[in-house]
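> First the structure, which I've put down as structure tokens, then a few questions once you've had a look.
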Amino acid sequence: MTYREALREGLREELQRDERVFMMGEDIGKNWGGAFKVTKGFVEEFGEERIRDTPISENTIAGAGVGAAITGMRPVAEIMFGDLITLAMDQICNQAAKMRYMFGGQTSVPLVLRTVFGGGKNIASHHSQSLQAWFMHTPGLKVAVPAFASDVKGLIKTAIRDPDPVMFFEHKLVYDKKEDVPDDEYLIPFGEAKIRRAGEDVTVWATFRMLHQAIEVADELAKEGISVEVIDPRTLVPLDKKTLIDSVVKTGRLVLVTEETKTGATTAEISALVQEEAFDWLDAPIKRVNAPDTPIPFSPTLEDYFIPDKKQISNTIKSIV
Amino acid sequence: MMDVTKETLEDLYTQTLKVRLFEEKVWEVFGRNLIPGTLHLYLGEEAVAAGVSTALRESDWIQSTHRGHGHVVAKGADMKRAFAELLGKKTGSCKGKGGSMHITEFEAGILGATGVVASGLPIAVGAALSAQLRGTDEVVACFFGDGASNNGTFCESLNMSAIWKLPVIWVVENNFYAMGTPIKQMCPSQSIARRGEAYCIPSQVVDGNNALKVYKAAAEAVERARNGEGPSLIECQTYRKKGHSRFDPADYRPEEEEEEWLSRDPVEIITNLAIEQKALSKKKAENIRKQLQEQVDEAAEFAINSEHPEPEEALEDVFAEVA
Ligand SMILES: Cc1ncc(C[n+]2csc(CCOP(=O)(O)OP(=O)(O)O)c2C)c(N)n1
């Protein structure tokens with residue numbers, strides 16, 4: 001099934017399982033089913049109370065999620081496009097993230113905030129960027145970055161059951177990717193990376209669409225005799241350091257690939273971490289493949305240039321093996 | 001106009017005075033340099049918290065602000081833990097991690113006190129939505145200032161509360177200043193209640209130095225909320241006795257204005273009302289004062305004698321403990 005369908009399944013199972021779970025966001029309901037149709041059909045199944053269309057009020061969508069979460073509900077709030085999360089930063093980074101801590105453990109904020117990142121649809125600067133690093137940098141938030149259908153289902157279920165705020169990030173161009181998804185109900189724990197492809201010569205750590213590309217590149221390079229291990233972190237907070245470090249210890253080489261602009265990206269953090277903890281095992285400099293430090297352009301020729309591609313990934317791998 | 005029982009009048013007196021004595025003690029301890037950081041005193045505005053909290057049940061919620069001591073004490077937070085929080089002690093309600101701007105006690109129905117002006121409104125929307133979804137008759141009272149009503153969340157949150165008929169009471173504490181900025185400079189109509197009406201929310205202006213008037217407005221609003229009739233807005237006009245924060249002498253306020261407002265003391269007003277209506281004798285009033293003073297002194301004593309947290313406690317409470 002597709003990533004979209006798997007995500008929908010995970011959400012549906014949790015809505016059925018726990019009546020405290022409800023969803024709110026702009027146009028997630030009857031007339032639209034969410035900008036990316038993830039929640040299509042939900043109003044018919046669960047009603048307008050639980051699948052709640054909101055006004056265009058991002059800060060209050062997030063904040064109402066916080067208020068509902070601290071009073072016994074399990075809200076899944078949606079920001080229609082990741083870029084618009086800027087409008088909700090106070091509620092996410094000052095309220096949701098800090099409440100447990102600032103109030104000395106008196107409360108829990110079991111909020112899931114879903115949004116979608118990424119380029120590739122020629123919709124320019126206000127609907128395309130990737131802001132994972134901001135939230136990885138904010139103590140108190142958990143950050144999920146599922147790239148595969150099987151993961152998105154298990155991770156959304158874990159996110160909804162988690163006692164802390166979870167930033168649940170999706171990627172526009174991943175919604176249609178297909179993968180076999182188990183029929184049985186299952187959860188995927190946070191903080192457990194998955195080795196998506198085993199290899200010996202070089203480790204590639206990637207997220208979202210870049211992860212799919214990295215796997216394709218790995219398949220191609222295998223034909224040239226280069227054995228690439230591809231790691232999918234699945235969550236950035238908590239971060240599975242062990243799987244990554246073990247892999248680097250095995251291969252001695254690391255390439256980090258995300259669609260984020262380079263400066264201050266999650267790849268910068270991972271790179272620093274690995275050199276702190278596995279410097280002695282590195283046989284080559286850690287390499288990063290990211291987008292350039294510009295806003296995201298509109299024109300297809302410009303956007304294609306902006307987003308890292310397989311050739312860049314491949315060349316970067318080859319440059320250090 | 002609704003009738004008010006003698007017990008309610010006594011409660012209003014007790015709550016107003018409790019907040020007053022708490023804040024006076026805070027001011028004294030602050031003067032001894034025992035309170036780190038800054039402080040936004042509630043002195044002068046006691047009638048608002050007292051009137052609103054007296055209209056609420058224990059199971060109802062409040063959302064508080066940077067000027068929150070009065071709200072939380074009136075709602076029933078433990079005064080010892082509240083005081084200890086001001087001093088950053090381990091025994092504070094937030095284990096010393098919140099301080100003056102974040103004094104909060106969930107068990108007493110306090111959703112949080114926030115240092116970001118106007119950030120409490122969305123949270124109140126969510127709590128009220130939750131009350132509605134859970135099928136309870138809980139009500140949420142959300143305190144905020146005239147300054148906060150110029151923030152975007154005011155528009156978003158009032159609108160959302162109105163379309164969904166949420167059980168929330170918007171309590172505006174219009175003390176006519178946001179730090180040093182007078183409301184007349186920032187709000188063309190100088191009326192927050194009129195802004196409320198624009199969202200089809202029943203809105204009224206009350207004398208915020210008179211706890212009885214605040215109580216009556218709040219009690220009506222609570223009833224509406226419990227009956228599923230949605231939000232109300234109460235603009236309580238009041239005045240700070242002191243400046244905005246730590247070192248502010250408030251010398252930007254015209255003298256006549258100050259004199260006029262400060263001559264209408266919330267504690268005196270409610271004391272006189274209660275005595276006139278025979279809800280209290282002078283003697284009983286005095287006894288209540290003595291008891292409250294003892295509690296407040298004990299709270300301060302407890303706070304001062306409490307230990308500071310261990311440094312490593314700074315690392316705790318970021319996430320839930322995993323079992
Ligand atoms: C969003 C935000 N902007 C600015 C500040 C700094 N600040 C703290 S209190 C305050 C004035 C608030 O005025 P009002 O809402 O009327 O409340 P009052 O202090 O009068 O009770 C300001 C500007 C802040 N804490 N948060």
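Every chain in the structure tokens has a letter given in the order shown (A, B, ...), and although residue numbers restart at 1 in each chain, ligands are simply numbered from 1 in the order shown.
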List as JSON, numbers by chain the protein and nucleic acid residues lying within 6 Å of ligand 1, with only C-alpha atoms and all ligand atoms counted.

{"B": [67, 115, 116, 117, 144, 145, 146, 147, 148, 175, 177, 178, 179]}

> Determine which residues of chain A sit within 7 Å of chain B, taking into account only C-alpha atoms, and present them as a PyMOL selection string.

chain A and resi 57+59-60+63-68+71+73+100-106+140+163-164

> Write out as an MDAnalysis selection string all residues of segment 109-299 of chain A that backbone DSSP assigns to strand (DSSP E).

chainID A and resid 112:117 142:144 166:171 194:197 202:206 228:232 235:237 254:261 287:291

> Using only C-alpha atoms, which protein or nucleic acid residues come within 10 Å of segment 258-264 of chain B? Drop anything in the same chain fewer than 3 positions from it, and give the result as a list in words.

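Listing them by chain and then by number gives Gly44, Asn209, Asn210, Thr238, Tyr239, Arg240, Lys241, Ala250, Asp251, Arg253, Pro254, Glu255, Val267, Glu268 and Ile269 of chain B.
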
> With all heavy atoms retained, export the selected residues as a CSV table (one decimal), in the first residue's frame.


```csv
chain,number,residue,atom,x,y,z
B,44,GLY,N,-3.3,45.5,43.7
B,44,GLY,CA,-4.2,46.4,43.1
B,44,GLY,C,-5.3,45.7,42.2
B,44,GLY,O,-6.3,46.3,41.9
B,209,ASN,N,-12.1,46.6,40.2
B,209,ASN,CA,-11.7,46.7,41.6
B,209,ASN,C,-12.8,46.3,42.6
B,209,ASN,O,-12.6,46.3,43.8
B,209,ASN,CB,-11.3,48.2,41.9
B,209,ASN,CG,-9.9,48.5,41.3
B,209,ASN,OD1,-9.4,47.8,40.5
B,209,ASN,ND2,-9.3,49.6,41.9
B,210,ASN,N,-13.9,45.9,42.0
B,210,ASN,CA,-15.0,45.5,42.9
B,210,ASN,C,-15.2,44.0,42.7
B,210,ASN,O,-15.8,43.5,41.6
B,210,ASN,CB,-16.2,46.3,42.4
B,210,ASN,CG,-17.4,46.0,43.3
B,210,ASN,OD1,-17.7,44.9,43.7
B,210,ASN,ND2,-18.2,47.0,43.6
B,238,THR,N,-9.1,47.8,35.8
B,238,THR,CA,-8.4,47.8,37.1
B,238,THR,C,-7.1,48.5,37.0
B,238,THR,O,-6.9,49.2,36.0
B,238,THR,CB,-8.3,46.3,37.6
B,238,THR,OG1,-7.6,46.3,38.9
B,238,THR,CG2,-7.4,45.5,36.7
B,239,TYR,N,-6.3,48.4,38.0
B,239,TYR,CA,-5.1,49.3,38.0
B,239,TYR,C,-4.0,48.6,38.9
B,239,TYR,O,-4.3,48.1,39.9
B,239,TYR,CB,-5.5,50.6,38.6
B,239,TYR,CG,-4.6,51.8,38.1
B,239,TYR,CD1,-4.8,52.3,36.8
B,239,TYR,CD2,-3.7,52.5,39.0
B,239,TYR,CE1,-4.1,53.4,36.4
B,239,TYR,CE2,-3.0,53.6,38.5
B,239,TYR,CZ,-3.2,54.0,37.2
B,239,TYR,OH,-2.5,55.1,36.8
B,240,ARG,N,-2.8,48.7,38.4
B,240,ARG,CA,-1.7,48.2,39.2
B,240,ARG,C,-1.3,49.1,40.3
B,240,ARG,O,-1.2,50.3,40.1
B,240,ARG,CB,-0.4,48.0,38.4
B,240,ARG,CG,-0.5,47.1,37.2
B,240,ARG,CD,1.0,47.0,36.6
B,240,ARG,NE,1.6,48.3,36.3
B,240,ARG,CZ,1.9,48.7,35.1
B,240,ARG,NH1,1.7,48.0,34.0
B,240,ARG,NH2,2.5,49.9,35.0
B,241,LYS,N,-1.1,48.6,41.5
B,241,LYS,CA,-0.6,49.5,42.6
B,241,LYS,C,0.8,49.9,42.3
B,241,LYS,O,1.2,51.0,42.6
B,241,LYS,CB,-0.7,48.8,44.0
B,241,LYS,CG,-2.0,49.0,44.7
B,241,LYS,CD,-2.0,48.4,46.1
B,241,LYS,CE,-2.4,49.4,47.1
B,241,LYS,NZ,-2.4,48.9,48.4
B,250,ALA,N,6.8,53.3,37.5
B,250,ALA,CA,5.5,53.6,36.8
B,250,ALA,C,5.3,55.2,36.8
B,250,ALA,O,4.2,55.7,36.9
B,250,ALA,CB,4.3,53.0,37.5
B,251,ASP,N,6.4,55.9,36.6
B,251,ASP,CA,6.3,57.4,36.6
B,251,ASP,C,5.7,57.9,35.3
B,251,ASP,O,5.6,59.1,35.1
B,251,ASP,CB,7.6,58.0,36.9
B,251,ASP,CG,8.8,57.5,36.1
B,251,ASP,OD1,8.5,56.9,35.1
B,251,ASP,OD2,9.9,57.8,36.5
B,253,ARG,N,2.7,57.3,34.6
B,253,ARG,CA,1.2,57.4,34.8
B,253,ARG,C,0.9,58.8,35.4
B,253,ARG,O,1.5,59.2,36.4
B,253,ARG,CB,0.7,56.3,35.7
B,253,ARG,CG,1.0,54.9,35.2
B,253,ARG,CD,0.2,53.8,35.9
B,253,ARG,NE,0.5,53.7,37.3
B,253,ARG,CZ,0.2,52.6,38.1
B,253,ARG,NH1,-0.3,51.6,37.5
B,253,ARG,NH2,0.5,52.6,39.4
B,254,PRO,N,-0.1,59.5,34.8
B,254,PRO,CA,-0.4,60.8,35.4
B,254,PRO,C,-0.9,60.7,36.8
B,254,PRO,O,-1.5,59.7,37.2
B,254,PRO,CB,-1.6,61.2,34.5
B,254,PRO,CG,-1.6,60.3,33.3
B,254,PRO,CD,-0.9,59.1,33.7
B,255,GLU,N,-0.5,61.7,37.6
B,255,GLU,CA,-0.7,61.7,39.0
B,255,GLU,C,-2.2,61.6,39.4
B,255,GLU,O,-2.6,60.8,40.2
B,255,GLU,CB,-0.2,63.0,39.7
B,255,GLU,CG,0.7,62.7,40.9
B,255,GLU,CD,1.5,63.9,41.3
B,255,GLU,OE1,0.9,64.7,42.1
B,255,GLU,OE2,2.6,64.2,40.8
B,267,VAL,N,-9.6,45.8,48.4
B,267,VAL,CA,-9.8,45.2,49.7
B,267,VAL,C,-10.8,46.0,50.5
B,267,VAL,O,-11.8,45.4,51.0
B,267,VAL,CB,-8.5,45.0,50.4
B,267,VAL,CG1,-8.8,44.4,51.8
B,267,VAL,CG2,-7.6,44.0,49.7
B,268,GLU,N,-10.6,47.3,50.5
B,268,GLU,CA,-11.6,48.1,51.2
B,268,GLU,C,-13.0,48.0,50.6
B,268,GLU,O,-14.0,47.9,51.3
B,268,GLU,CB,-11.2,49.6,51.1
B,268,GLU,CG,-10.3,50.1,52.2
B,268,GLU,CD,-9.8,51.5,51.9
B,268,GLU,OE1,-10.6,52.3,51.4
B,268,GLU,OE2,-8.6,51.8,52.2
B,269,ILE,N,-13.1,48.0,49.3
B,269,ILE,CA,-14.4,48.0,48.6
B,269,ILE,C,-15.1,46.7,49.0
B,269,ILE,O,-16.3,46.8,49.5
B,269,ILE,CB,-14.2,48.0,47.1
B,269,ILE,CG1,-13.7,49.4,46.7
B,269,ILE,CG2,-15.5,47.7,46.4
B,269,ILE,CD1,-13.4,49.6,45.2
```

> Could you list, as a PDB file with C-alpha atoms, in the first residue's frame, every residue within 7 Å of segment 4-16 of chain A, counting only C-alpha atoms and ignoring same-chain residues fewer than 4 positions away?


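Result file is around.pdb:
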```pdb
ATOM      1  CA  VAL A  21      -7.836  10.744  19.980  1.00  0.00           C
ATOM      2  CA  PHE A  22      -9.155  13.457  17.700  1.00  0.00           C
ATOM      3  CA  VAL A  38      -4.522  11.676   4.114  1.00  0.00           C
ATOM      4  CA  THR A  39      -7.714  12.057   6.120  1.00  0.00           C
ATOM      5  CA  ALA A 149       4.843   3.061   4.338  1.00  0.00           C
ATOM      6  CA  SER A 150       5.535   0.326   6.872  1.00  0.00           C
ATOM      7  CA  VAL A 152       4.744   5.569   8.926  1.00  0.00           C
ATOM      8  CA  LYS A 153       1.976   3.335  10.174  1.00  0.00           C
ATOM      9  CA  GLY A 154       3.831   2.004  13.182  1.00  0.00           C
ATOM     10  CA  ILE A 156       2.118   7.361  13.933  1.00  0.00           C
ATOM     11  CA  LYS A 157       0.595   4.883  16.327  1.00  0.00           C
ATOM     12  CA  TYR A 175       2.928   9.919   0.003  1.00  0.00           C
ATOM     13  CA  ASP A 176       2.630   7.793  -3.136  1.00  0.00           C
TER      14      ASP A 176
END
```

> Using only C-alpha atoms, determine which residues lie at most 6 Å from segment 230-245 of chain A, disregarding the query and same-chain residues fewer than 4 positions distant; provide the list as a list in words.

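Near segment 230-245 of chain A, the qualifying residues are Lys142, Val143, Ala144, Val145, Pro146, Gly191, Glu192, Ala193, Lys194, Ile195, Arg196, Arg197, Thr203, Val204 and Trp205 of chain A.
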
> Show me, as a ChimeraX atom specification, the residues that have an atom within 8 Å of segment 212-222 of chain B when counting only C-alpha atoms, minus same-chain residues fewer than 6 positions from it.

/B:2,9,12,47-48,50-52,54-56,139,167,169,206,231-234,236,270

> Those same residues, written as a PDB file, in the first residue's frame with N, CA, C and O atoms?


```
ATOM      1  N   MET B   2     -28.493  39.213  39.860  1.00  0.00           N
ATOM      2  CA  MET B   2     -28.584  38.054  40.744  1.00  0.00           C
ATOM      3  C   MET B   2     -28.317  38.434  42.199  1.00  0.00           C
ATOM      4  O   MET B   2     -27.638  39.401  42.502  1.00  0.00           O
ATOM      5  N   LEU B   9     -20.235  36.470  49.668  1.00  0.00           N
ATOM      6  CA  LEU B   9     -19.585  37.739  50.014  1.00  0.00           C
ATOM      7  C   LEU B   9     -18.382  37.506  50.917  1.00  0.00           C
ATOM      8  O   LEU B   9     -17.326  38.126  50.752  1.00  0.00           O
ATOM      9  N   LEU B  12     -15.630  36.183  48.807  1.00  0.00           N
ATOM     10  CA  LEU B  12     -15.019  37.241  47.987  1.00  0.00           C
ATOM     11  C   LEU B  12     -14.053  38.069  48.831  1.00  0.00           C
ATOM     12  O   LEU B  12     -12.949  38.419  48.391  1.00  0.00           O
ATOM     13  N   ALA B  47      -9.186  42.000  42.993  1.00  0.00           N
ATOM     14  CA  ALA B  47     -10.619  41.730  42.868  1.00  0.00           C
ATOM     15  C   ALA B  47     -10.945  40.892  41.631  1.00  0.00           C
ATOM     16  O   ALA B  47     -11.936  40.164  41.613  1.00  0.00           O
ATOM     17  N   VAL B  48     -10.094  40.983  40.629  1.00  0.00           N
ATOM     18  CA  VAL B  48     -10.375  40.232  39.395  1.00  0.00           C
ATOM     19  C   VAL B  48     -10.222  38.731  39.662  1.00  0.00           C
ATOM     20  O   VAL B  48     -11.144  37.940  39.444  1.00  0.00           O
ATOM     21  N   ALA B  50     -10.096  37.247  42.478  1.00  0.00           N
ATOM     22  CA  ALA B  50     -11.006  36.807  43.538  1.00  0.00           C
ATOM     23  C   ALA B  50     -12.418  36.599  42.982  1.00  0.00           C
ATOM     24  O   ALA B  50     -13.050  35.570  43.244  1.00  0.00           O
ATOM     25  N   GLY B  51     -12.899  37.553  42.205  1.00  0.00           N
ATOM     26  CA  GLY B  51     -14.260  37.454  41.667  1.00  0.00           C
ATOM     27  C   GLY B  51     -14.411  36.273  40.719  1.00  0.00           C
ATOM     28  O   GLY B  51     -15.379  35.519  40.786  1.00  0.00           O
ATOM     29  N   VAL B  52     -13.419  36.079  39.855  1.00  0.00           N
ATOM     30  CA  VAL B  52     -13.515  34.988  38.877  1.00  0.00           C
ATOM     31  C   VAL B  52     -13.402  33.639  39.580  1.00  0.00           C
ATOM     32  O   VAL B  52     -14.218  32.742  39.367  1.00  0.00           O
ATOM     33  N   THR B  54     -14.020  32.782  42.569  1.00  0.00           N
ATOM     34  CA  THR B  54     -15.168  32.458  43.425  1.00  0.00           C
ATOM     35  C   THR B  54     -16.345  31.938  42.590  1.00  0.00           C
ATOM     36  O   THR B  54     -17.164  31.167  43.081  1.00  0.00           O
ATOM     37  N   ALA B  55     -16.370  32.329  41.331  1.00  0.00           N
ATOM     38  CA  ALA B  55     -17.454  31.849  40.460  1.00  0.00           C
ATOM     39  C   ALA B  55     -17.164  30.459  39.892  1.00  0.00           C
ATOM     40  O   ALA B  55     -18.020  29.842  39.267  1.00  0.00           O
ATOM     41  N   LEU B  56     -15.941  29.978  40.079  1.00  0.00           N
ATOM     42  CA  LEU B  56     -15.556  28.683  39.499  1.00  0.00           C
ATOM     43  C   LEU B  56     -15.630  27.570  40.530  1.00  0.00           C
ATOM     44  O   LEU B  56     -15.572  27.811  41.737  1.00  0.00           O
ATOM     45  N   VAL B 139     -15.362  24.363  33.031  1.00  0.00           N
ATOM     46  CA  VAL B 139     -15.252  25.660  32.404  1.00  0.00           C
ATOM     47  C   VAL B 139     -13.801  26.126  32.517  1.00  0.00           C
ATOM     48  O   VAL B 139     -13.123  25.791  33.481  1.00  0.00           O
ATOM     49  N   PRO B 167     -16.723  26.286  26.272  1.00  0.00           N
ATOM     50  CA  PRO B 167     -16.972  26.777  27.629  1.00  0.00           C
ATOM     51  C   PRO B 167     -15.775  27.552  28.172  1.00  0.00           C
ATOM     52  O   PRO B 167     -15.072  27.089  29.070  1.00  0.00           O
ATOM     53  N   ILE B 169     -14.178  31.462  29.399  1.00  0.00           N
ATOM     54  CA  ILE B 169     -14.462  32.841  29.793  1.00  0.00           C
ATOM     55  C   ILE B 169     -13.190  33.649  29.590  1.00  0.00           C
ATOM     56  O   ILE B 169     -12.150  33.344  30.187  1.00  0.00           O
ATOM     57  N   VAL B 206     -16.634  45.573  33.336  1.00  0.00           N
ATOM     58  CA  VAL B 206     -16.996  45.684  34.754  1.00  0.00           C
ATOM     59  C   VAL B 206     -15.909  46.401  35.527  1.00  0.00           C
ATOM     60  O   VAL B 206     -14.749  46.490  35.080  1.00  0.00           O
ATOM     61  N   PRO B 231     -18.684  30.942  24.785  1.00  0.00           N
ATOM     62  CA  PRO B 231     -17.783  31.839  25.513  1.00  0.00           C
ATOM     63  C   PRO B 231     -18.407  33.190  25.867  1.00  0.00           C
ATOM     64  O   PRO B 231     -19.408  33.591  25.278  1.00  0.00           O
ATOM     65  N   SER B 232     -17.784  33.839  26.827  1.00  0.00           N
ATOM     66  CA  SER B 232     -18.117  35.219  27.191  1.00  0.00           C
ATOM     67  C   SER B 232     -16.812  35.967  27.384  1.00  0.00           C
ATOM     68  O   SER B 232     -15.778  35.347  27.618  1.00  0.00           O
ATOM     69  N   LEU B 233     -16.902  37.276  27.289  1.00  0.00           N
ATOM     70  CA  LEU B 233     -15.720  38.092  27.574  1.00  0.00           C
ATOM     71  C   LEU B 233     -16.059  39.107  28.652  1.00  0.00           C
ATOM     72  O   LEU B 233     -17.120  39.740  28.598  1.00  0.00           O
ATOM     73  N   ILE B 234     -15.190  39.208  29.636  1.00  0.00           N
ATOM     74  CA  ILE B 234     -15.388  40.194  30.698  1.00  0.00           C
ATOM     75  C   ILE B 234     -14.160  41.090  30.738  1.00  0.00           C
ATOM     76  O   ILE B 234     -13.046  40.617  30.973  1.00  0.00           O
ATOM     77  N   CYS B 236     -12.327  43.562  32.738  1.00  0.00           N
ATOM     78  CA  CYS B 236     -12.268  44.080  34.105  1.00  0.00           C
ATOM     79  C   CYS B 236     -11.322  45.270  34.118  1.00  0.00           C
ATOM     80  O   CYS B 236     -10.122  45.112  33.888  1.00  0.00           O
ATOM     81  N   ILE B 270     -14.474  45.559  48.991  1.00  0.00           N
ATOM     82  CA  ILE B 270     -15.196  44.328  49.294  1.00  0.00           C
ATOM     83  C   ILE B 270     -15.434  44.195  50.806  1.00  0.00           C
ATOM     84  O   ILE B 270     -16.474  43.683  51.233  1.00  0.00           O
TER      85      ILE B 270
END
```

> Which residues are close to Pro300 of chain A, i.e. within 10 Å by only C-alpha atoms, leaving aside same-chain residues fewer than 2 positions away? Reply as a list in words.

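Contacts, in chain order: Gly120, Lys121, Asn122, Ile123, Ala124, Pro297, Phe298, Leu302, Glu303, Asp304, Tyr305 and Phe306 of chain A.
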
> Write down as number ranges by chain the residues of segment 90-283 of chain A whose backbone DSSP state falls under alpha helix (DSSP H).

A: 99-102, 132-136, 149-161, 208-223, 241-251, 266-278

> Which value, in Å to one decimal, gives the distance between atom CA of Phe176 of chain B and atom CA of Met79 of chain B?

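Result for atom CA of Phe176 of chain B versus atom CA of Met79 of chain B: 28.6 Å, one decimal.
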